[in-house]
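What's in protein-v9.txt: compact mmCIF, C-alpha atoms
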```
# COMPACT_ATOMS: atom_id res chain seq x y z
CA MET A 20 -19.25 14.91 69.53
CA ILE A 21 -20.64 18.28 70.42
CA ASP A 22 -18.87 19.77 73.43
CA ASP A 23 -21.84 21.48 75.02
CA THR A 24 -22.58 21.38 78.76
CA GLU A 25 -26.28 22.20 78.35
CA LEU A 26 -26.85 19.47 75.75
CA LEU A 27 -24.87 16.94 77.76
CA GLY A 28 -27.02 17.70 80.82
CA ARG A 29 -30.16 17.15 78.77
CA ALA A 30 -28.74 13.89 77.41
CA GLU A 31 -27.94 12.67 80.94
CA ALA A 32 -31.49 13.41 82.08
CA LEU A 33 -32.91 11.77 78.95
CA ILE A 34 -30.86 8.60 79.43
CA ALA A 35 -31.98 8.36 83.06
CA ALA A 36 -35.64 8.89 82.15
CA TYR A 37 -35.56 6.36 79.30
CA ALA A 38 -33.78 3.80 81.49
CA ALA A 39 -36.39 4.26 84.23
CA ALA A 40 -39.20 3.82 81.70
CA GLY A 41 -37.57 0.79 80.07
CA HIS A 42 -37.35 2.43 76.64
CA MET A 43 -34.58 2.15 74.06
CA ILE A 44 -33.56 4.64 71.35
CA ALA A 45 -32.38 4.23 67.77
CA THR A 46 -31.11 7.15 65.70
CA ALA A 47 -31.03 7.66 61.92
CA GLU A 48 -28.89 10.65 61.05
CA SER A 49 -27.93 12.32 57.84
CA CYS A 50 -26.80 15.95 58.20
CA THR A 51 -25.78 15.44 61.83
CA GLY A 52 -23.56 12.50 60.94
CA GLY A 53 -24.06 10.63 64.22
CA LEU A 54 -23.86 13.60 66.59
CA VAL A 55 -27.10 12.65 68.38
CA ALA A 56 -25.87 9.10 68.98
CA GLY A 57 -22.48 10.50 69.98
CA LEU A 58 -24.06 12.86 72.51
CA LEU A 59 -26.25 10.13 74.00
CA THR A 60 -23.41 7.63 74.24
CA ALA A 61 -21.20 10.19 75.99
CA VAL A 62 -23.39 9.51 79.03
CA PRO A 63 -22.12 6.68 81.25
CA GLY A 64 -24.65 3.85 81.33
CA SER A 65 -26.23 4.85 78.03
CA SER A 66 -25.83 1.30 76.70
CA THR A 67 -29.04 0.41 78.55
CA VAL A 68 -30.93 2.94 76.44
CA VAL A 69 -29.13 3.52 73.12
CA GLU A 70 -29.95 0.46 71.05
CA ARG A 71 -28.21 1.54 67.84
CA GLY A 72 -27.51 4.42 65.51
CA PHE A 73 -27.53 4.65 61.74
CA VAL A 74 -25.51 7.29 59.92
CA THR A 75 -27.27 7.34 56.57
CA TYR A 76 -25.55 10.26 54.92
CA SER A 77 -25.96 9.07 51.34
CA ASN A 78 -29.22 8.26 49.61
CA ALA A 79 -27.99 4.70 49.05
CA ALA A 80 -27.38 4.31 52.79
CA LYS A 81 -30.89 5.54 53.56
CA ALA A 82 -32.29 2.90 51.22
CA GLU A 83 -29.95 0.02 52.09
CA ALA A 84 -29.63 0.40 55.87
CA ILE A 85 -33.10 1.54 56.89
CA GLY A 86 -35.31 0.81 53.89
CA VAL A 87 -36.16 4.32 52.67
CA PRO A 88 -37.58 3.75 49.18
CA MET A 89 -35.36 5.27 46.48
CA GLU A 90 -38.51 6.34 44.65
CA LEU A 91 -39.47 8.43 47.69
CA ILE A 92 -36.03 10.05 47.72
CA ARG A 93 -36.28 10.74 43.97
CA THR A 94 -39.75 12.27 44.15
CA GLN A 95 -39.57 14.13 47.48
CA GLY A 96 -35.85 14.72 47.84
CA ALA A 97 -33.62 13.46 50.65
CA VAL A 98 -34.41 16.59 52.66
CA SER A 99 -38.16 16.25 53.07
CA GLU A 100 -40.85 15.39 55.57
CA ALA A 101 -41.59 12.12 53.81
CA VAL A 102 -37.97 10.95 53.93
CA ALA A 103 -37.52 12.00 57.58
CA ARG A 104 -40.61 10.01 58.52
CA ALA A 105 -39.43 7.01 56.48
CA MET A 106 -35.99 7.20 58.10
CA ALA A 107 -37.51 7.11 61.59
CA SER A 108 -39.85 4.24 60.71
CA GLY A 109 -37.02 2.37 59.01
CA ALA A 110 -34.67 2.78 61.97
CA LEU A 111 -37.38 1.49 64.28
CA ALA A 112 -38.04 -1.50 62.03
CA ALA A 113 -34.31 -2.31 61.77
CA SER A 114 -33.77 -2.21 65.53
CA HIS A 115 -35.09 -3.38 68.88
CA ALA A 116 -35.66 0.21 70.01
CA THR A 117 -38.99 1.54 71.23
CA VAL A 118 -38.32 5.05 69.88
CA ALA A 119 -36.41 6.21 66.80
CA VAL A 120 -35.45 9.74 65.85
CA ALA A 121 -34.31 10.73 62.35
CA ILE A 122 -32.68 13.86 60.95
CA THR A 123 -32.14 14.97 57.35
CA GLY A 124 -31.26 18.48 56.28
CA VAL A 125 -29.00 20.97 54.56
CA ALA A 126 -26.19 21.95 56.93
CA GLY A 127 -24.26 23.95 54.33
CA PRO A 128 -22.36 25.90 53.51
CA GLY A 129 -23.37 24.69 50.02
CA GLY A 130 -26.10 22.40 48.81
CA GLY A 131 -29.04 24.68 49.43
CA SER A 132 -31.60 25.91 46.92
CA ALA A 133 -34.47 28.39 46.92
CA GLU A 134 -36.86 25.55 47.79
CA LYS A 135 -34.54 23.82 50.26
CA PRO A 136 -32.18 26.45 51.68
CA VAL A 137 -29.20 25.95 53.95
CA GLY A 138 -30.61 25.50 57.44
CA LEU A 139 -33.67 23.47 56.42
CA VAL A 140 -33.86 20.32 58.57
CA HIS A 141 -36.61 17.71 58.79
CA PHE A 142 -36.99 15.39 61.78
CA GLY A 143 -38.98 12.21 62.13
CA LEU A 144 -39.90 10.37 65.30
CA ALA A 145 -41.36 6.87 65.35
CA LEU A 146 -42.65 5.04 68.41
CA ARG A 147 -43.03 1.29 68.65
CA ASP A 148 -46.66 1.82 69.74
CA GLY A 149 -47.37 3.38 66.36
CA GLY A 150 -47.01 7.06 67.16
CA ARG A 151 -45.29 9.20 64.52
CA ARG A 152 -44.17 12.82 64.52
CA HIS A 153 -42.51 15.27 62.18
CA LEU A 154 -40.74 18.54 62.88
CA GLU A 155 -39.47 21.02 60.29
CA ARG A 156 -36.94 23.70 61.17
CA ARG A 157 -35.59 26.52 59.07
CA TYR A 158 -32.63 27.69 61.12
CA GLY A 159 -31.22 29.97 58.46
CA ASP A 160 -27.53 30.02 57.71
CA LEU A 161 -26.09 29.61 61.22
CA GLY A 162 -22.98 28.01 59.75
CA ARG A 163 -22.51 24.27 59.48
CA ALA A 164 -21.63 23.75 63.15
CA GLY A 165 -24.51 25.96 64.31
CA ILE A 166 -27.08 24.15 62.20
CA ARG A 167 -25.85 20.76 63.34
CA ARG A 168 -25.88 21.82 67.02
CA ALA A 169 -29.40 23.22 66.68
CA ALA A 170 -30.54 19.99 64.99
CA VAL A 171 -29.08 17.87 67.80
CA ALA A 172 -30.90 20.04 70.37
CA ASP A 173 -34.20 19.63 68.52
CA ALA A 174 -33.70 15.86 68.20
CA ILE A 175 -33.16 15.66 71.96
CA GLY A 176 -36.30 17.74 72.37
CA LEU A 177 -38.31 15.27 70.29
CA LEU A 178 -37.00 12.39 72.39
CA GLU A 179 -37.88 14.30 75.58
CA GLY A 180 -41.37 14.92 74.25
CA ALA A 181 -41.86 11.25 73.38
CA LEU A 182 -41.56 10.39 77.07
CA ALA A 183 -44.18 12.94 78.04
CA ASP A 184 -46.87 11.25 75.92
```

Transcribe the structure of this file into structure tokens.
Amino acid sequence: MIDDTELLGRAEALIAAYAAAGHMIATAESCTGGLVAGLLTAVPGSSTVVERGFVTYSNAAKAEAIGVPMELIRTQGAVSEAVARAMASGALAASHATVAVAITGVAGPGGGSAEKPVGLVHFGLALRDGGRRHLERRYGDLGRAGIRRAAVADAIGLLEGALAD
């Protein structure tokens, strides 16, 4: 879990707002390895809001657990807008949540390329009412912990924004 007072405060407010609205969250995480779910479930009472979390670090997990087509991963790459969107939609379909957030990226220190450098992260958001969103971030090489923390903050931001719609 990320030990961060600011993020924990945002998570507490998010859990309260989702509970009041009667919404539930599912997460599908690759490069963050469950940190978003960990942050949300650090909040007492979060079981009324956090429906489930998928840590789909490998390509096989993305395909098997949340139905991301292997052909999509082969053609677009695991770190892509298309895969982030498919992860969010798949997490929503495999859960009872009303909102799903997904994260896939290159946290480093290795694994980057000229096309997909360390610090590139794609996010997907899927809403049960059919709404879909994508966010791309290029954080640069903030170090593995820095990239993962920034990605958690942006995922929380997407979930906050979903309530505003």

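With only C-alpha atoms as the atoms that count, the residue of A:Leu178, A:Ala183, A:Val98, A:Ala45 with the shortest distance to Ser66 (chain A) is A:Ala45.
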
Residue contacts of Ile175 (chain A) (9 Å, all atoms listed in the file) excluding same-chain residues fewer than 6 positions away, as number ranges by chain: A: 26, 29-30, 33, 55, 120

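Taking all atoms listed in the file into account, Arg71 (chain A) lies nearest to A:Leu59 out of the set A:Leu27, A:Ala105, A:Leu59, A:Leu177.
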
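Counting all atoms listed in the file, the residue from A:Ile166, A:Ala40, A:Ile122, A:Val171 that sits nearest to Leu154 (chain A) is A:Ile122.
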
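Here the question is which of A:Gly143, A:Gly180, A:Gly150, A:Gly127 gets nearest to Gly165 (chain A) using all atoms listed in the file, and that residue is A:Gly127.
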
Select, counting all atoms listed in the file, all protein, DNA and RNA residues no farther than 8 Å from (-23.1, 13.6, 62.7) in file coordinates, and express the selection as JSON, numbers by chain. {"A": [20, 48, 49, 50, 51, 52, 53, 54, 55, 57, 74, 167]}

Which residues come within 12 Å of Gly130 (chain A), counting only C-alpha atoms, excluding same-chain residues fewer than 2 positions away, as JSON, numbers by chain? {"A": [50, 97, 98, 124, 125, 126, 127, 128, 132, 133, 134, 135, 136, 137, 138, 139, 160, 163]}

What is the distance between CA of Gln95 (chain A) and CA of His115 (chain A), in Å to one decimal? 28.0 Å

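Among A:Ala174, A:Pro63, A:Ser77, A:Leu146, the residue with the shortest atom-to-atom distance to Gly96 (chain A), counting all atoms listed in the file, is A:Ser77.
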
Neighbour list for Ser108 (chain A) as a PyMOL selection string, cut-off 8 Å, all atoms listed in the file, skip fewer than 6 positions in-chain: chain A and resi 119+144-145

Can I get the selection written as a compact mmCIF listing (two decimals), in the frame of the given file, with C-alpha atoms?
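Printed below is out.txt as written:
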```txt
# COMPACT_ATOMS: atom_id res chain seq x y z
CA ALA A 119 -36.41 6.21 66.80
CA LEU A 144 -39.90 10.37 65.30
CA ALA A 145 -41.36 6.87 65.35
```

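From CA of Ala82 (chain A) back to CA of Thr46 (chain A), the distance works out to 15.1 Å.
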
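Comparing A:Glu90, A:Gly129, A:Tyr76, A:Ala113 by their smallest distance to Gly162 (chain A), the closest is A:Gly129 (using only C-alpha atoms).
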
Incomplete region 106-136 of chain A filled out to N, CA and C atoms as a JSON list (two decimals), in the frame of the given file:
```json
[["chain", "number", "residue", "atom", "x", "y", "z"],
["A", 106, "MET", "N", -37.23, 7.52, 57.38],
["A", 106, "MET", "CA", -35.99, 7.20, 58.10],
["A", 106, "MET", "C", -36.29, 6.75, 59.53],
["A", 107, "ALA", "N", -37.17, 7.47, 60.21],
["A", 107, "ALA", "CA", -37.51, 7.11, 61.59],
["A", 107, "ALA", "C", -38.20, 5.74, 61.63],
["A", 108, "SER", "N", -39.15, 5.53, 60.75],
["A", 108, "SER", "CA", -39.85, 4.24, 60.71],
["A", 108, "SER", "C", -38.89, 3.11, 60.35],
["A", 109, "GLY", "N", -37.99, 3.37, 59.42],
["A", 109, "GLY", "CA", -37.02, 2.37, 59.01],
["A", 109, "GLY", "C", -36.03, 2.02, 60.11],
["A", 110, "ALA", "N", -35.58, 3.03, 60.85],
["A", 110, "ALA", "CA", -34.67, 2.78, 61.97],
["A", 110, "ALA", "C", -35.36, 1.97, 63.05],
["A", 111, "LEU", "N", -36.62, 2.25, 63.29],
["A", 111, "LEU", "CA", -37.38, 1.49, 64.28],
["A", 111, "LEU", "C", -37.52, 0.04, 63.83],
["A", 112, "ALA", "N", -37.85, -0.15, 62.57],
["A", 112, "ALA", "CA", -38.04, -1.50, 62.03],
["A", 112, "ALA", "C", -36.74, -2.31, 62.03],
["A", 113, "ALA", "N", -35.61, -1.63, 61.86],
["A", 113, "ALA", "CA", -34.31, -2.31, 61.77],
["A", 113, "ALA", "C", -33.62, -2.43, 63.12],
["A", 114, "SER", "N", -34.37, -2.19, 64.20],
["A", 114, "SER", "CA", -33.77, -2.21, 65.53],
["A", 114, "SER", "C", -34.72, -2.86, 66.53],
["A", 115, "HIS", "N", -34.26, -2.91, 67.77],
["A", 115, "HIS", "CA", -35.09, -3.38, 68.88],
["A", 115, "HIS", "C", -35.53, -2.21, 69.75],
["A", 116, "ALA", "N", -35.33, -1.00, 69.25],
["A", 116, "ALA", "CA", -35.66, 0.21, 70.01],
["A", 116, "ALA", "C", -37.17, 0.37, 70.12],
["A", 117, "THR", "N", -37.58, 1.18, 71.09],
["A", 117, "THR", "CA", -38.99, 1.54, 71.23],
["A", 117, "THR", "C", -39.28, 2.92, 70.66],
["A", 118, "VAL", "N", -38.20, 3.70, 70.44],
["A", 118, "VAL", "CA", -38.32, 5.05, 69.88],
["A", 118, "VAL", "C", -37.17, 5.26, 68.91],
["A", 119, "ALA", "N", -37.46, 5.86, 67.75],
["A", 119, "ALA", "CA", -36.41, 6.21, 66.80],
["A", 119, "ALA", "C", -36.58, 7.66, 66.38],
["A", 120, "VAL", "N", -35.46, 8.36, 66.31],
["A", 120, "VAL", "CA", -35.45, 9.74, 65.85],
["A", 120, "VAL", "C", -34.58, 9.81, 64.60],
["A", 121, "ALA", "N", -35.03, 10.59, 63.61],
["A", 121, "ALA", "CA", -34.31, 10.73, 62.35],
["A", 121, "ALA", "C", -34.13, 12.20, 62.00],
["A", 122, "ILE", "N", -33.02, 12.49, 61.33],
["A", 122, "ILE", "CA", -32.68, 13.86, 60.95],
["A", 122, "ILE", "C", -32.14, 13.87, 59.53],
["A", 123, "THR", "N", -32.67, 14.76, 58.69],
["A", 123, "THR", "CA", -32.14, 14.97, 57.35],
["A", 123, "THR", "C", -32.27, 16.45, 57.04],
["A", 124, "GLY", "N", -31.21, 17.04, 56.52],
["A", 124, "GLY", "CA", -31.26, 18.48, 56.28],
["A", 124, "GLY", "C", -30.09, 18.97, 55.46],
["A", 125, "VAL", "N", -30.05, 20.29, 55.31],
["A", 125, "VAL", "CA", -29.00, 20.97, 54.56],
["A", 125, "VAL", "C", -28.19, 21.80, 55.56],
["A", 126, "ALA", "N", -27.03, 21.28, 55.94],
["A", 126, "ALA", "CA", -26.19, 21.95, 56.93],
["A", 126, "ALA", "C", -25.27, 23.00, 56.31],
["A", 127, "GLY", "N", -25.08, 22.95, 55.00],
["A", 127, "GLY", "CA", -24.26, 23.95, 54.33],
["A", 127, "GLY", "C", -22.77, 23.70, 54.47],
["A", 128, "PRO", "N", -21.96, 24.60, 54.02],
["A", 128, "PRO", "CA", -22.36, 25.90, 53.51],
["A", 128, "PRO", "C", -23.00, 25.85, 52.12],
["A", 129, "GLY", "N", -22.75, 24.82, 51.34],
["A", 129, "GLY", "CA", -23.37, 24.69, 50.02],
["A", 129, "GLY", "C", -24.53, 23.72, 50.08],
["A", 130, "GLY", "N", -25.07, 23.41, 48.91],
["A", 130, "GLY", "CA", -26.10, 22.40, 48.81],
["A", 130, "GLY", "C", -27.52, 22.89, 48.94],
["A", 131, "GLY", "N", -27.69, 24.15, 49.29],
["A", 131, "GLY", "CA", -29.04, 24.68, 49.43],
["A", 131, "GLY", "C", -29.60, 25.15, 48.10],
["A", 132, "SER", "N", -30.90, 25.37, 48.09],
["A", 132, "SER", "CA", -31.60, 25.91, 46.92],
["A", 132, "SER", "C", -32.68, 26.85, 47.44],
["A", 133, "ALA", "N", -33.38, 27.51, 46.52],
["A", 133, "ALA", "CA", -34.47, 28.39, 46.92],
["A", 133, "ALA", "C", -35.55, 27.60, 47.65],
["A", 134, "GLU", "N", -35.82, 26.39, 47.18],
["A", 134, "GLU", "CA", -36.86, 25.55, 47.79],
["A", 134, "GLU", "C", -36.38, 24.90, 49.08],
["A", 135, "LYS", "N", -35.11, 24.51, 49.10],
["A", 135, "LYS", "CA", -34.54, 23.82, 50.26],
["A", 135, "LYS", "C", -33.23, 24.52, 50.64],
["A", 136, "PRO", "N", -33.36, 25.64, 51.37],
["A", 136, "PRO", "CA", -32.18, 26.45, 51.68],
["A", 136, "PRO", "C", -31.30, 25.83, 52.78]]
```
